[in-house]
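Notes follow the structure.
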Amino acid sequence: MRVLLVEDHPDLARWLGGWLEQSGYVVERIERGDDADLALTTNRYDAVVLDLSLPGLDGLDVLKRLRDRGDNTPVLVLTARGAKDDRVRGLNLGADDYLPKPFELDELEARLRALLRRSNAQTPRLKIGRLVLDTLEREVTLDGRALSLTPRETAVLEALAARLGRPVSRETVFNRVFEFDSDARIESIEIYVHRLRKKIEGSGATITTLRGLGYALSVEG
């Protein structure tokens, strides 16, 4: 799930973006409102987390322009606590939800997941051979039965599934799996790839190691 995070406070953006990435989202971070407006006109996102106090273009103007273009991408607005007028204006302009600062990360993620559920008639799923990867709930099933994967093994599968049939560098997989572990060594990703490869044997999905390129997830036949 691809999320646009529009927040001009660098520390908060890194903290929040890192949390979302660890939870399985692909996050693009932007600090300016005018840059966010441009990104929203040229790219597709599954959801937007939007601060209102932004340089370049106010967050409410970003939201208004988005809705004026007929774009119904779910938007979660971040507001200062007690800023009732901003919340009301945001909802009137088409925001799907708002969250006052300061907030708990698990609440933000829960609200974001709720928006994504409402915006999709069905939970987004990827079928890979006989595997089904639920990208919202981060669950994997094989022939309809839950496959026991660790969070890091699931993160490897998500990183490879995002480019099904195409090479994914070892560095890309490593960054997805070890976002907050500064002590991890890139060689350790081999362990998780090996474990995942064993667990999906017979599923119709295979992981190939490509010397000098990384890995590729493909479907047999």
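Here's how to read the names in the structure tokens: chain A, B, ... by the order shown, residue numbers from 1 in each chain, ligand numbers from 1 in the order shown.
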Among stretch 94-139 of chain A, which residues carry a DSSP assignment of strand (DSSP E or B), reported as a list in words?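 DSSP-assigned strand (DSSP E or B) residues in stretch 94-139 of chain A: Asp97, Tyr98, Leu99, Pro100, Lys101, Arg125, Leu126, Lys127, Ile128, Leu131, Val132, Leu133, Asp134 and Glu139 of chain A.
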Residue contacts of A:Thr79 (9 Å, only C-alpha atoms) excluding same-chain residues fewer than 2 positions away, as a ChimeraX atom specification: /A:50-53,77,81-84,86-87,98-102
Preceding selection exported with C-alpha atoms as a PDB file, in the first residue's frame:
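Just written: out19.pdb:
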ATOM      1  CA  LEU A  50      -1.655  15.367   5.377  1.00  0.00           C
ATOM      2  CA  ASP A  51      -0.468  17.998   7.836  1.00  0.00           C
ATOM      3  CA  LEU A  52      -2.167  21.374   7.449  1.00  0.00           C
ATOM      4  CA  SER A  53       0.634  23.816   8.316  1.00  0.00           C
ATOM      5  CA  VAL A  77      -5.595  15.120   8.112  1.00  0.00           C
ATOM      6  CA  ARG A  81      -5.190  19.757  19.152  1.00  0.00           C
ATOM      7  CA  GLY A  82      -8.100  22.096  19.681  1.00  0.00           C
ATOM      8  CA  ALA A  83      -8.009  23.493  16.130  1.00  0.00           C
ATOM      9  CA  LYS A  84     -11.726  22.927  15.627  1.00  0.00           C
ATOM     10  CA  ASP A  86      -9.304  23.469  10.758  1.00  0.00           C
ATOM     11  CA  ARG A  87     -10.981  20.125  11.412  1.00  0.00           C
ATOM     12  CA  TYR A  98      -8.590  13.747  11.120  1.00  0.00           C
ATOM     13  CA  LEU A  99      -6.234  13.108  13.989  1.00  0.00           C
ATOM     14  CA  PRO A 100      -5.167  15.832  16.454  1.00  0.00           C
ATOM     15  CA  LYS A 101      -1.527  16.153  17.513  1.00  0.00           C
ATOM     16  CA  PRO A 102       0.015  14.725  19.588  1.00  0.00           C
TER      17      PRO A 102
END
Nearest-residue call for A:Tyr215, choices A:Asp71, A:Glu21, A:Glu171, A:Glu107, using only C-alpha atoms: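 Ranked by minimum distance to A:Tyr215, first place goes to A:Glu171.
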Expressed in Å to a single decimal, how great is the separation between atom CA of A:Glu104 and atom CA of A:Asn72?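 Taking atom CA of A:Glu104 and atom CA of A:Asn72, their separation equals 26.0 Å.
Taking only C-alpha atoms, the non-local environment of A:Gly165 within 9 Å (same-chain residues fewer than 5 positions away omitted) comprises A:Leu160, A:Ala216, A:Leu217, A:Ser218, A:Val219.
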Residue contacts of A:Leu38 (12 Å, only C-alpha atoms) excluding same-chain residues fewer than 4 positions away, as a list in words: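 In the requested form, the answer reads Leu4, Ile30, Arg32, Gly33, Asp34, Thr42, Asn43, Arg44, Gly56, Leu57, Val62, Arg65 and Leu66 of chain A.
Candidate residues A:Leu40, A:Val168, A:Leu131, A:Val49 were compared for distance to A:Glu201, and the nearest is A:Leu131, using only C-alpha atoms.
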As an exercise, work out the distance from atom CA of A:Leu115 to atom CA of A:Leu149 in Å and give it to one decimal place.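 Between these atoms lies a distance of 26.0 Å.
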Determine the nearest neighbour of A:Met1 from the options A:Leu63, A:Leu16, A:Ala80, A:Ala161, counting only C-alpha atoms.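 With only C-alpha atoms as the atom set, the closest residue is A:Ala161.
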